[in-house]
Every structure is written in structure tokens, then in C-alpha cells.
Amino acid sequence: MTKSGEIILIVSAVCLFSLFGVIQAEAEAPTQTQTQFHVEGKVYCDFCRALFENRLSKPMPDAKVRLQCRNQTDDTVTLTVEGQTDERGVYSLLVERDHEDEICEMILMKSSMDDCTEIPNEGHAKESARITITNNNGMSETTRHANPLFFLKKEASPECDEVFKELELLPEEINKS
Ligand SMILES: *[C@@H]1O[C@H](CO)[C@@H](O)[C@H](O)[C@H]1NC(C)=O
């Protein structure tokens with residue numbers, strides 16, 4: 001193959017990757033020279049405003065999420081990948097190369113449910129959105145599982161009292177922590 005032919009092939013491959021962003025096919029083999037990662041996770045509507053998964057948490061299809069990495073030293077954005085959840089509320093994002101020295105986190109962008117749009121801004125929620133994207137820590141697996149992300153429902157459903165009771169927690173205690 002000619003040099004320009006190769007370049008066209010490479011350019012087409014890159015375009016395909018960005019086009020398919022979310023709908024990643026398994027068929028794409030990682031190249032030898034550069035590690036690729038898949039970051040997978042779930043998005044829920046938190047019917048109980050509990051900030052943890054429970055039986056009333058509802059998987060949210062068509063939610064928009066963004067993975068963002070920043071340089072630890074000067075805080076500049078080094079990577080942005082956007083995607084959308086499928087019908088099971090699951091997203092999968094393709095990430096090129098290792099991001100060892102960067103701070104990477106999942107960010108909720110847009111809810112698909114009218115009454116479930118609030119993004120929790122507690123420190124706890126922010127912490128749990130962090131994700132490590134490197135192989136230089138002994139993990140050879142290239143799929144990374146992010147912690148679940150939650151949009152909060154405007155008002156907790158009445159059934160939530162039952163859920164909290166089952167978990168032997170009172171809503172007051174949760175709101176305090
Ligand atoms: C982060 O920024 C610093 C200072 O601008 C630079 O020296 C370093 O190479 C950057 N690191 C990464 C991983 O981009």
C-alpha cells in the first residue's frame with residue numbers, strides 16, 4: 001500500500017471511532033503501540049434522593065455523560081469524551097492512551113427524565129465520580145467501571161420511607177451526612 005493510502009486508512013479509522021463514540025463494537029482491536037480503554041458505568045434516576053443505589057433507583061436511558069481528564073499540575077483539560085446511555089442506562093466510552101498523571105472524572109451532562117434532573121453536588125458524589133485510567137498500576141484489564149451516577153428526583157417518592165426502613169436508615173440521617 002502507498003504511504004498516502006495508509007494515511008487515508010488511518011484518518012478514516014479515526015473518523016469512525018469518533019462517529020461511533022458510544023456504540024463501540026467489540027471488533028476494534030487495540031493497537032500495539034497505544035492502549036485504549038473502555039470506561040463503562042450506569043446512570044440512574046435516584047427516586048429517593050439517597051445518593052446510593054436502592055431498589056427504587058431507576059436506570060436512565062439516553063442520559064448524556066462526559067468523561068473529563070485534567071492535568072494535575074496546571075488544571076488544563078486534557079481529555080473530553082461524551083456519550084449517552086443505552087436502554088439499560090449503561091454507557092461505554094472509548095478512551096485513547098494512558099492518563100496516569102491526570103485527574104479523570106465522570107460528569108453528568110443531561111437527564112432524559114423531566115422530573116429527575118438535579119445533579120448532586122456533594123463532595124461525596126464528586127469523589128465517587130473519579131476514575132483511574134492507566135495500566136501503570138498493575139491493572140492489565142482495559143475496561144474501567146465507573147461508580148454509578150445519579151440524577152436526583154425533584155421529590156423523593158412516598159415508597160422511599162419503606163426503602164429507608166428496610167435499610168434501617170432514616171431520611172434525616174442521610175440528609176445530614
Ligand atoms: C501538566 O502540566 C505541566 C505544566 O504545564 C506539564 O509540565 C506536564 O507535562 C503536564 N502533564 C501532562 C500529563 O500533560
# chains A, B, ... in the order shown; residues from 1 in each chain; ligands from 1

$ residues_near_ligand --ligand "ligand 1" --cutoff "12 Å" --atoms "only C-alpha atoms and all ligand atoms" --output "PyMOL selection string"
chain A and resi 69-79+97-104+134

$ select_by_dssp --residues "region 60-177 of chain A" --states "alpha helix (DSSP H)" --output "VMD selection string"
chain A and resid 123 to 128 160 to 166 171 to 176

$ atom_distance --atom1 "CA of Ser111 (chain A)" --atom2 "CA of Lys64 (chain A)"
6.7 Å

$ closest_residue --among "A:Ala50, A:Met113, A:Cys45, A:Leu108" --to "Phe164 (chain A)" --atoms "only C-alpha atoms"
A:Ala50

$ residues_around --residues "Ser140 (chain A)" --least-positions-apart "4" --cutoff "12 Å" --atoms "only C-alpha atoms" --output "ChimeraX atom specification"
/A:35-37,98,133-136,144

$ write_last_selection --atoms "N, CA and C atoms" --output "JSON list (two decimals), in the first residue's frame"
[["chain", "number", "residue", "atom", "x", "y", "z"],
["A", 35, "THR", "N", -2.45, 2.13, 24.14],
["A", 35, "THR", "CA", -3.50, 1.48, 24.91],
["A", 35, "THR", "C", -4.82, 2.22, 24.73],
["A", 36, "GLN", "N", -5.86, 1.45, 24.62],
["A", 36, "GLN", "CA", -7.20, 2.04, 24.60],
["A", 36, "GLN", "C", -7.96, 1.52, 25.81],
["A", 37, "PHE", "N", -8.81, 2.34, 26.35],
["A", 37, "PHE", "CA", -9.62, 1.93, 27.50],
["A", 37, "PHE", "C", -11.09, 2.10, 27.18],
["A", 98, "ASP", "N", -3.03, 6.19, 27.86],
["A", 98, "ASP", "CA", -2.97, 6.15, 29.31],
["A", 98, "ASP", "C", -3.10, 7.57, 29.89],
["A", 133, "ILE", "N", -7.53, 5.94, 34.90],
["A", 133, "ILE", "CA", -7.38, 5.41, 33.55],
["A", 133, "ILE", "C", -5.91, 5.21, 33.24],
["A", 134, "THR", "N", -5.37, 4.11, 33.77],
["A", 134, "THR", "CA", -3.97, 3.80, 33.50],
["A", 134, "THR", "C", -3.75, 2.31, 33.67],
["A", 135, "ASN", "N", -2.73, 1.80, 32.97],
["A", 135, "ASN", "CA", -2.32, 0.41, 33.17],
["A", 135, "ASN", "C", -1.07, 0.34, 34.02],
["A", 136, "ASN", "N", -0.55, 1.52, 34.36],
["A", 136, "ASN", "CA", 0.72, 1.56, 35.08],
["A", 136, "ASN", "C", 0.56, 1.34, 36.57],
["A", 144, "ARG", "N", -12.71, -0.03, 32.38],
["A", 144, "ARG", "CA", -12.79, 0.59, 33.71],
["A", 144, "ARG", "C", -14.26, 0.77, 34.07]]

$ residues_around --residues "region 121-131 of chain A" --least-positions-apart "2" --cutoff "7 Å" --atoms "only C-alpha atoms" --output "ChimeraX atom specification"
/A:104-106,119,133,146-147

$ write_last_selection --atoms "C-alpha atoms" --output "CSV table (one decimal), in the first residue's frame"
chain,number,residue,atom,x,y,z
A,104,CYS,CA,-10.3,11.9,35.4
A,105,GLU,CA,-13.9,12.1,36.4
A,106,MET,CA,-17.4,11.3,35.1
A,119,ILE,CA,-27.2,16.9,39.8
A,133,ILE,CA,-7.4,5.4,33.6
A,146,ALA,CA,-17.1,3.9,36.9
A,147,ASN,CA,-19.2,4.2,40.0

$ atom_distance --atom1 "CA of Glu96 (chain A)" --atom2 "CA of Met109 (chain A)"
21.2 Å

$ select_by_dssp --residues "region 110-174 of chain A" --states "strand (DSSP E or B)" --output "list in words"
Lys110, Glu118, Arg130, Ile131, Thr143, Arg144, His145, Leu149, Phe150, Phe151 and Leu152 of chain A
